[in-house]
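Structure file model-v4.tsv (TSV, C-alpha atoms) follows.
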```tsv
chain	number	residue	atom	x	y	z
A	25	MET	CA	0.00	0.00	0.00
A	26	ARG	CA	1.31	3.45	-0.91
A	27	LYS	CA	2.20	5.94	1.82
A	28	ILE	CA	0.09	9.06	2.31
A	29	LYS	CA	1.88	12.37	1.75
A	30	CYS	CA	-1.00	14.82	2.18
A	31	PRO	CA	-3.58	13.65	4.77
A	32	LEU	CA	-6.50	15.80	3.55
A	33	ILE	CA	-7.65	16.78	0.05
A	34	VAL	CA	-10.73	18.98	-0.32
A	35	SER	CA	-12.23	19.33	-3.79
A	36	ASP	CA	-14.84	21.51	-5.38
A	37	TYR	CA	-17.44	19.48	-7.25
A	38	ASP	CA	-18.81	21.09	-10.44
A	39	GLY	CA	-16.09	21.81	-12.96
A	40	THR	CA	-13.44	20.20	-10.77
A	41	LEU	CA	-14.39	16.67	-9.73
A	42	LEU	CA	-17.39	16.50	-12.07
A	43	ARG	CA	-16.73	16.33	-15.81
A	44	SER	CA	-18.60	18.32	-18.44
A	45	ASP	CA	-20.85	15.32	-19.11
A	46	SER	CA	-21.97	15.35	-15.44
A	47	THR	CA	-20.04	12.18	-14.54
A	48	VAL	CA	-16.97	11.36	-12.48
A	49	SER	CA	-14.52	9.09	-14.27
A	50	GLU	CA	-13.88	5.57	-13.04
A	51	GLU	CA	-10.17	6.41	-12.91
A	52	THR	CA	-10.84	9.24	-10.48
A	53	LYS	CA	-13.26	7.19	-8.37
A	54	GLU	CA	-10.66	4.42	-8.03
A	55	LYS	CA	-7.95	6.89	-7.09
A	56	ILE	CA	-10.16	8.53	-4.43
A	57	HIS	CA	-10.88	5.18	-2.80
A	58	GLU	CA	-7.25	4.05	-3.05
A	59	TYR	CA	-6.31	7.27	-1.23
A	60	ILE	CA	-8.98	6.79	1.46
A	61	LYS	CA	-8.06	3.13	1.95
A	62	ALA	CA	-4.43	4.17	2.50
A	63	GLY	CA	-5.53	6.56	5.27
A	64	GLY	CA	-6.16	9.83	3.44
A	65	ARG	CA	-9.21	12.01	3.96
A	66	PHE	CA	-11.13	13.25	0.93
A	67	ALA	CA	-13.95	15.79	1.17
A	68	VAL	CA	-16.14	17.74	-1.24
A	69	CYS	CA	-16.92	21.42	-0.67
A	70	SER	CA	-19.48	22.86	-3.08
A	71	GLY	CA	-21.70	25.85	-3.65
A	72	ARG	CA	-24.62	23.46	-4.10
A	73	LEU	CA	-27.34	23.05	-1.50
A	74	LEU	CA	-26.64	20.34	1.04
A	75	LYS	CA	-29.25	17.90	-0.28
A	76	SER	CA	-27.67	18.04	-3.73
A	77	VAL	CA	-24.14	17.51	-2.37
A	78	TYR	CA	-25.33	14.46	-0.44
A	79	ASN	CA	-26.90	13.04	-3.60
A	80	GLU	CA	-23.66	13.41	-5.52
A	81	VAL	CA	-21.16	12.12	-2.95
A	82	GLU	CA	-23.34	9.09	-2.19
A	83	LYS	CA	-22.99	8.10	-5.85
A	84	LEU	CA	-19.24	7.99	-5.19
A	85	ASN	CA	-19.72	5.87	-2.03
A	86	LEU	CA	-18.09	8.52	0.11
A	87	THR	CA	-18.53	8.88	3.86
A	88	GLY	CA	-17.42	11.60	6.24
A	89	ILE	CA	-18.37	15.27	6.02
A	90	VAL	CA	-19.04	17.75	3.22
A	91	GLY	CA	-19.31	21.50	2.75
A	92	ALA	CA	-22.30	23.09	0.99
A	93	PHE	CA	-23.67	26.58	0.27
A	94	GLN	CA	-20.15	27.93	-0.43
A	95	GLY	CA	-19.02	26.48	2.90
A	96	ALA	CA	-21.79	28.03	5.00
A	97	VAL	CA	-23.07	24.56	5.98
A	98	ILE	CA	-21.18	21.41	7.00
A	99	GLY	CA	-23.04	18.09	7.03
A	100	ASP	CA	-22.37	14.44	7.79
A	101	ILE	CA	-23.00	12.18	4.80
A	102	SER	CA	-24.08	9.09	6.73
A	103	SER	CA	-26.24	10.60	9.48
A	104	LYS	CA	-27.41	13.66	7.48
A	105	GLN	CA	-26.73	15.68	10.62
A	106	VAL	CA	-25.96	19.35	10.10
A	107	LEU	CA	-22.74	19.94	12.03
A	108	PHE	CA	-22.50	23.64	11.38
A	109	GLU	CA	-24.57	26.31	9.63
A	110	GLY	CA	-24.11	29.99	8.97
A	111	HIS	CA	-26.89	32.09	7.47
A	112	ILE	CA	-27.68	35.60	6.30
A	113	PRO	CA	-29.83	37.43	8.88
A	114	PRO	CA	-33.42	37.87	7.63
A	115	GLN	CA	-33.26	41.66	7.33
A	116	GLY	CA	-30.09	41.47	5.27
A	117	ALA	CA	-31.42	38.68	3.07
A	118	ALA	CA	-34.58	40.67	2.44
A	119	ARG	CA	-32.56	43.73	1.38
A	120	ILE	CA	-30.57	41.65	-1.09
A	121	CYS	CA	-33.74	40.13	-2.52
A	122	ARG	CA	-35.39	43.54	-2.87
A	123	LYS	CA	-32.44	44.68	-4.97
A	124	CYS	CA	-32.70	41.56	-7.13
A	125	GLU	CA	-36.44	42.14	-7.49
A	126	GLU	CA	-35.85	45.74	-8.57
A	127	LEU	CA	-33.45	44.45	-11.24
A	128	GLY	CA	-35.95	41.81	-12.40
A	129	LEU	CA	-33.53	38.97	-11.70
A	130	HIS	CA	-34.32	35.25	-11.50
A	131	THR	CA	-33.58	34.70	-7.82
A	132	HIS	CA	-33.38	31.71	-5.47
A	133	ILE	CA	-33.23	31.69	-1.68
A	134	TYR	CA	-32.10	28.65	0.29
A	135	ASP	CA	-32.63	27.28	3.74
A	136	VAL	CA	-30.84	24.11	4.84
A	137	GLU	CA	-33.43	21.80	3.28
A	138	ASN	CA	-34.93	23.55	0.23
A	139	PHE	CA	-34.67	26.36	-2.25
A	140	TYR	CA	-37.37	28.81	-3.28
A	141	THR	CA	-37.61	30.63	-6.59
A	142	ASN	CA	-39.46	33.64	-7.98
A	143	MET	CA	-39.54	32.36	-11.58
A	144	SER	CA	-40.42	29.15	-13.40
A	145	ASP	CA	-38.63	29.03	-16.73
A	146	GLU	CA	-36.09	27.08	-18.76
A	147	LYS	CA	-33.26	28.34	-16.53
A	148	LEU	CA	-34.97	26.83	-13.50
A	149	ARG	CA	-35.54	23.49	-15.22
A	150	ASP	CA	-31.89	23.31	-16.30
A	151	TYR	CA	-30.76	24.18	-12.78
A	152	GLU	CA	-33.07	21.59	-11.19
A	153	LYS	CA	-31.73	18.95	-13.56
A	154	LEU	CA	-28.16	19.87	-12.65
A	155	CYS	CA	-28.77	19.79	-8.90
A	156	GLY	CA	-31.25	16.92	-8.82
A	157	VAL	CA	-33.50	18.95	-6.52
A	158	LYS	CA	-36.85	20.62	-7.32
A	159	GLY	CA	-37.34	24.24	-6.35
A	160	ILE	CA	-40.43	25.64	-4.66
A	161	LEU	CA	-42.07	28.39	-6.71
A	162	ILE	CA	-43.25	31.35	-4.64
A	163	ASP	CA	-46.21	32.89	-6.42
A	164	GLY	CA	-48.20	35.88	-5.17
A	165	GLU	CA	-45.53	36.98	-2.71
A	166	LEU	CA	-42.09	38.50	-3.15
A	167	LEU	CA	-39.15	36.49	-1.86
A	168	SER	CA	-38.13	39.49	0.23
A	169	GLU	CA	-41.56	39.52	1.87
A	170	ARG	CA	-41.51	35.78	2.53
A	171	ILE	CA	-38.13	36.02	4.27
A	172	LEU	CA	-39.42	38.64	6.67
A	173	ARG	CA	-42.83	37.01	7.18
A	174	THR	CA	-41.30	33.65	8.10
A	175	ASP	CA	-38.10	34.99	9.71
A	176	MET	CA	-36.24	32.67	7.36
A	177	LYS	CA	-32.63	31.67	7.94
A	178	VAL	CA	-31.22	32.05	4.45
A	179	GLN	CA	-28.01	30.13	3.79
A	180	LYS	CA	-27.56	31.51	0.28
A	181	ILE	CA	-29.11	33.78	-2.32
A	182	LEU	CA	-28.49	32.84	-5.96
A	183	VAL	CA	-29.21	34.64	-9.19
A	184	LEU	CA	-29.56	32.72	-12.46
A	185	VAL	CA	-28.20	34.78	-15.36
A	186	ASP	CA	-27.28	34.44	-19.01
A	187	GLU	CA	-23.55	34.04	-19.50
A	188	TRP	CA	-23.22	37.41	-21.26
A	189	GLU	CA	-24.66	39.30	-18.26
A	190	LYS	CA	-22.87	37.46	-15.44
A	191	GLU	CA	-20.08	39.99	-14.99
A	192	THR	CA	-22.47	42.95	-14.99
A	193	VAL	CA	-24.80	41.34	-12.44
A	194	TYR	CA	-21.84	40.27	-10.29
A	195	GLN	CA	-20.36	43.78	-10.30
A	196	THR	CA	-23.74	45.39	-9.56
A	197	LEU	CA	-24.47	43.13	-6.58
A	198	ASN	CA	-20.89	43.26	-5.33
A	199	GLN	CA	-20.95	47.05	-5.40
A	200	ALA	CA	-24.26	47.11	-3.52
A	201	PHE	CA	-23.52	44.39	-0.94
A	202	GLY	CA	-19.86	43.37	-1.15
A	203	GLU	CA	-18.84	45.30	1.96
A	204	GLU	CA	-21.41	43.48	4.07
A	205	PHE	CA	-21.85	40.10	2.38
A	206	TYR	CA	-19.82	37.60	0.35
A	207	VAL	CA	-20.67	38.03	-3.34
A	208	THR	CA	-19.17	35.55	-5.79
A	209	TYR	CA	-19.92	33.42	-8.84
A	210	SER	CA	-19.58	29.68	-9.27
A	211	ALA	CA	-20.41	29.12	-12.95
A	212	ALA	CA	-21.04	31.05	-16.14
A	213	PHE	CA	-24.69	31.45	-15.15
A	214	LEU	CA	-24.64	31.69	-11.34
A	215	VAL	CA	-24.03	34.70	-9.10
A	216	GLU	CA	-24.27	33.94	-5.38
A	217	ILE	CA	-24.38	35.75	-2.04
A	218	THR	CA	-23.74	34.31	1.43
A	219	ASN	CA	-22.81	35.50	4.91
A	220	LYS	CA	-19.40	37.16	4.72
A	221	ASN	CA	-18.14	35.21	7.73
A	222	PHE	CA	-18.45	31.89	5.89
A	223	SER	CA	-16.81	30.70	2.71
A	224	LYS	CA	-15.02	27.67	1.37
A	225	ALA	CA	-12.03	28.83	3.42
A	226	SER	CA	-13.97	28.55	6.69
A	227	ALA	CA	-15.27	25.17	5.52
A	228	LEU	CA	-11.72	23.99	4.83
A	229	GLU	CA	-10.72	25.10	8.32
A	230	TYR	CA	-13.66	23.21	9.85
A	231	ILE	CA	-12.95	20.04	7.86
A	232	ALA	CA	-9.24	20.15	8.69
A	233	LYS	CA	-9.98	20.60	12.40
A	234	TYR	CA	-12.60	17.82	12.28
A	235	TYR	CA	-10.01	15.40	10.89
A	236	ASN	CA	-7.21	16.82	13.06
A	237	VAL	CA	-5.10	17.83	10.06
A	238	PRO	CA	-2.96	21.02	10.15
A	239	LEU	CA	-3.97	23.46	7.42
A	240	GLU	CA	-0.40	23.48	6.14
A	241	GLN	CA	-0.83	19.81	5.24
A	242	THR	CA	-4.06	20.27	3.26
A	243	VAL	CA	-4.59	20.37	-0.49
A	244	ALA	CA	-7.59	22.22	-1.94
A	245	VAL	CA	-8.63	22.05	-5.59
A	246	GLY	CA	-11.10	24.17	-7.54
A	247	ASP	CA	-12.04	25.69	-10.85
A	248	ASN	CA	-14.10	28.83	-10.28
A	249	TYR	CA	-14.02	32.19	-8.55
A	250	ASN	CA	-16.00	30.95	-5.54
A	251	ASP	CA	-13.14	28.54	-4.78
A	252	THR	CA	-10.70	31.43	-4.26
A	253	PRO	CA	-10.92	31.61	-0.43
A	254	MET	CA	-10.35	27.85	-0.07
A	255	ILE	CA	-7.48	27.80	-2.57
A	256	ALA	CA	-5.81	30.74	-0.84
A	257	ARG	CA	-6.21	29.19	2.63
A	258	ALA	CA	-4.98	25.64	1.91
A	259	GLY	CA	-1.45	24.47	2.40
A	260	LEU	CA	-1.42	23.82	-1.33
A	261	GLY	CA	-4.09	25.48	-3.45
A	262	ILE	CA	-4.51	24.04	-6.92
A	263	ALA	CA	-6.49	25.41	-9.87
A	264	VAL	CA	-7.41	22.77	-12.45
A	265	GLY	CA	-6.53	23.46	-16.08
A	266	ASN	CA	-10.03	24.71	-16.93
A	267	ALA	CA	-10.13	27.16	-14.02
A	268	ASP	CA	-11.38	30.74	-14.10
A	269	GLU	CA	-8.54	33.23	-14.64
A	270	ARG	CA	-9.29	34.98	-11.32
A	271	LEU	CA	-8.75	31.69	-9.49
A	272	LYS	CA	-5.53	30.96	-11.33
A	273	GLU	CA	-4.13	34.26	-10.08
A	274	VAL	CA	-4.31	33.13	-6.43
A	275	ALA	CA	-3.56	29.41	-6.81
A	276	ASP	CA	-0.20	28.03	-5.70
A	277	LEU	CA	-0.12	26.09	-8.94
A	278	ILE	CA	-2.18	25.56	-12.08
A	279	PHE	CA	-2.55	21.86	-12.84
A	280	GLU	CA	-1.94	20.78	-16.41
A	281	TYR	CA	-5.11	18.68	-16.61
A	282	THR	CA	-8.75	19.75	-16.70
A	283	ASN	CA	-11.83	18.25	-15.04
A	284	ASP	CA	-12.50	16.39	-18.29
A	285	GLU	CA	-9.01	14.88	-18.11
A	286	ASN	CA	-9.53	13.39	-14.61
A	287	ALA	CA	-7.61	16.16	-12.87
A	288	ILE	CA	-8.62	15.11	-9.34
A	289	GLY	CA	-7.46	11.52	-9.79
A	290	LYS	CA	-4.14	12.75	-11.12
A	291	ILE	CA	-3.78	15.33	-8.33
A	292	ILE	CA	-4.40	12.62	-5.71
A	293	ASP	CA	-1.78	10.45	-7.36
A	294	LYS	CA	0.79	13.25	-7.52
A	295	TYR	CA	0.21	15.15	-4.28
A	296	GLY	CA	-1.74	12.74	-2.06
A	297	PHE	CA	0.85	9.97	-2.09
A	298	TYR	CA	4.60	9.86	-1.80
A	299	GLY	CA	6.34	9.04	-5.05
A	300	VAL	CA	8.66	6.08	-5.48
A	301	ASN	CA	11.73	8.28	-4.99
A	302	GLU	CA	10.46	10.26	-1.99
```

Mind turning the file's structure into structure tokens?
Amino acid sequence: MRKIKCPLIVSDYDGTLLRSDSTVSEETKEKIHEYIKAGGRFAVCSGRLLKSVYNEVEKLNLTGIVGAFQGAVIGDISSKQVLFEGHIPPQGAARICRKCEELGLHTHIYDVENFYTNMSDEKLRDYEKLCGVKGILIDGELLSERILRTDMKVQKILVLVDEWEKETVYQTLNQAFGEEFYVTYSAAFLVEITNKNFSKASALEYIAKYYNVPLEQTVAVGDNYNDTPMIARAGLGIAVGNADERLKEVADLIFEYTNDENAIGKIIDKYGFYGVNE
């Protein structure tokens, strides 16, 4: 059995572990389980809602803990217990939603279990298919009003956009709320807002502490701008070959392979284990 070099690897899911055809290669699955069997810890940290992350990691036969909602929630795969959650206070979440409503944006709000949407269209159906979770359409009431009426704990606010408008929407929301909240994007069509105190960096810290691994001995891997805090915080932060240029700027290294070339399996092989000459 090979000897573990890095005891903890934390990976983003979409665009990093997941290929463009929405599958994880058998090569990568085998490498993950070889690494775990040898004593390594492997965790997924995603912007997805917790229910969706559970669905995906269970397909890979993973156990342990995961990060969801850009790291604002940590959950246990086997027990489904929420170990940690950070949310946007209702008044703040309502203000963000009011701005989105003024701009006519397709908006989602999330609690730990579900997500709620103000529009039913092709964008929603594509998103539901991607996540494997159905949204709850709120009709006859603004999302901002529902948050205040129910005193909702909102883990994340997401805006579905066309690729051509992503940067404009991101800049607009970041200018309006970036001082107070964490505004980021996780795909060509997703702009997201969470509590500024929680990110994939705080999730990495939680996971490392949970497994008793010093942060200096962690590897984090991602592909998009929302992975920046985690990549910057890890002992070794890696951007896969298909990564967003903003992420590449902060990564310790840019890996030569993309998500479609089984980057995670190759990263585990290269950085998770000692080589024959080490």

Tell me, counting only C-alpha atoms, for each residue of region 180-296 of chain A within 9 Å of region 58-76 of chain A, which pair of atoms is nearest and how far apart they are in Å to one decimal, in rows ordered by chain and increasing number, as JSON lines.
```
{"residue": "A:Lys180", "atom": "CA", "partner": "A:Leu73", "partner_atom": "CA", "distance": 8.6}
{"residue": "A:Ser210", "atom": "CA", "partner": "A:Gly71", "partner_atom": "CA", "distance": 7.1}
{"residue": "A:Glu216", "atom": "CA", "partner": "A:Gly71", "partner_atom": "CA", "distance": 8.7}
{"residue": "A:Lys224", "atom": "CA", "partner": "A:Cys69", "partner_atom": "CA", "distance": 6.8}
{"residue": "A:Ala227", "atom": "CA", "partner": "A:Cys69", "partner_atom": "CA", "distance": 7.4}
{"residue": "A:Leu228", "atom": "CA", "partner": "A:Cys69", "partner_atom": "CA", "distance": 8.0}
{"residue": "A:Ile231", "atom": "CA", "partner": "A:Ala67", "partner_atom": "CA", "distance": 8.0}
{"residue": "A:Tyr235", "atom": "CA", "partner": "A:Arg65", "partner_atom": "CA", "distance": 7.8}
{"residue": "A:Asn250", "atom": "CA", "partner": "A:Gly71", "partner_atom": "CA", "distance": 7.9}
{"residue": "A:Asp251", "atom": "CA", "partner": "A:Ser70", "partner_atom": "CA", "distance": 8.7}
{"residue": "A:Ile292", "atom": "CA", "partner": "A:Tyr59", "partner_atom": "CA", "distance": 7.2}
{"residue": "A:Asp293", "atom": "CA", "partner": "A:Tyr59", "partner_atom": "CA", "distance": 8.3}
{"residue": "A:Gly296", "atom": "CA", "partner": "A:Tyr59", "partner_atom": "CA", "distance": 7.2}
```

Contacts of Leu42 (chain A) within 10 Å, all atoms listed in the file, excl. fewer than 3 positions in-chain, as a PDB file with C-alpha atoms, keeping the file's coordinate frame:
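Result file is around.pdb:
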```
ATOM      1  CA  ASP A  36     -14.840  21.510  -5.380  1.00  0.00           C
ATOM      2  CA  TYR A  37     -17.440  19.480  -7.250  1.00  0.00           C
ATOM      3  CA  ASP A  38     -18.810  21.090 -10.440  1.00  0.00           C
ATOM      4  CA  GLY A  39     -16.090  21.810 -12.960  1.00  0.00           C
ATOM      5  CA  ASP A  45     -20.850  15.320 -19.110  1.00  0.00           C
ATOM      6  CA  SER A  46     -21.970  15.350 -15.440  1.00  0.00           C
ATOM      7  CA  THR A  47     -20.040  12.180 -14.540  1.00  0.00           C
ATOM      8  CA  VAL A  48     -16.970  11.360 -12.480  1.00  0.00           C
ATOM      9  CA  SER A  49     -14.520   9.090 -14.270  1.00  0.00           C
ATOM     10  CA  THR A  52     -10.840   9.240 -10.480  1.00  0.00           C
ATOM     11  CA  GLU A  80     -23.660  13.410  -5.520  1.00  0.00           C
ATOM     12  CA  ASN A 283     -11.830  18.250 -15.040  1.00  0.00           C
ATOM     13  CA  ASP A 284     -12.500  16.390 -18.290  1.00  0.00           C
ATOM     14  CA  ASN A 286      -9.530  13.390 -14.610  1.00  0.00           C
ATOM     15  CA  ALA A 287      -7.610  16.160 -12.870  1.00  0.00           C
ATOM     16  CA  ILE A 288      -8.620  15.110  -9.340  1.00  0.00           C
TER      17      ILE A 288
END
```

### Message
Nearest residue to Asp186 (chain A) out of A:Leu129, A:Asn266, A:Leu167, A:Leu154, using only C-alpha atoms?
### Response
A:Leu129

Contact table region 103-131 of chain A vs region 172-177 of chain A, cut-off 9 Å, shortest pair per residue, all atoms listed in the file, as a Markdown table:
```
| residue | atom | partner | partner_atom | distance |
| --- | --- | --- | --- | --- |
| A:Gly110 | CA | A:Lys177 | CA | 8.7 |
| A:His111 | CA | A:Lys177 | CA | 5.8 |
| A:Ile112 | CA | A:Lys177 | CA | 6.5 |
| A:Pro113 | CA | A:Lys177 | CA | 6.5 |
| A:Pro114 | CA | A:Asp175 | CA | 5.9 |
| A:Gln115 | CA | A:Leu172 | CA | 6.9 |
| A:Ala117 | CA | A:Lys177 | CA | 8.6 |
| A:Ala118 | CA | A:Leu172 | CA | 6.7 |
```

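Note that the spacing between CA of Thr218 (chain A) and CA of Phe279 (chain A) amounts to 28.4 Å.
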
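Across A:Asn142, A:Ser168, A:Asn79, A:Gln105, the tightest approach to Lys123 (chain A) is made by A:Ser168 when counting all atoms listed in the file.
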
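You will find CA of Asn198 (chain A) at 19.4 Å from CA of Met254 (chain A).
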
### Message
List as a PyMOL selection string the protein and nucleic acid residues near Cys30 (chain A), meaning an atom at most 7 Å away when only C-alpha atoms are counted, but skip any in the same chain fewer than 6 places from it.
### Response
chain A and resi 241-242+295-297

For the residues in that selection, give me C-alpha atoms as a short mmCIF file (atom, residue, chain, number, x, y, z; two decimals), in the frame of the given file.
```cif
data_model
loop_
_atom_site.label_atom_id
_atom_site.label_comp_id
_atom_site.auth_asym_id
_atom_site.auth_seq_id
_atom_site.Cartn_x
_atom_site.Cartn_y
_atom_site.Cartn_z
CA GLN A 241 -0.83 19.81 5.24
CA THR A 242 -4.06 20.27 3.26
CA TYR A 295 0.21 15.15 -4.28
CA GLY A 296 -1.74 12.74 -2.06
CA PHE A 297 0.85 9.97 -2.09
#
```
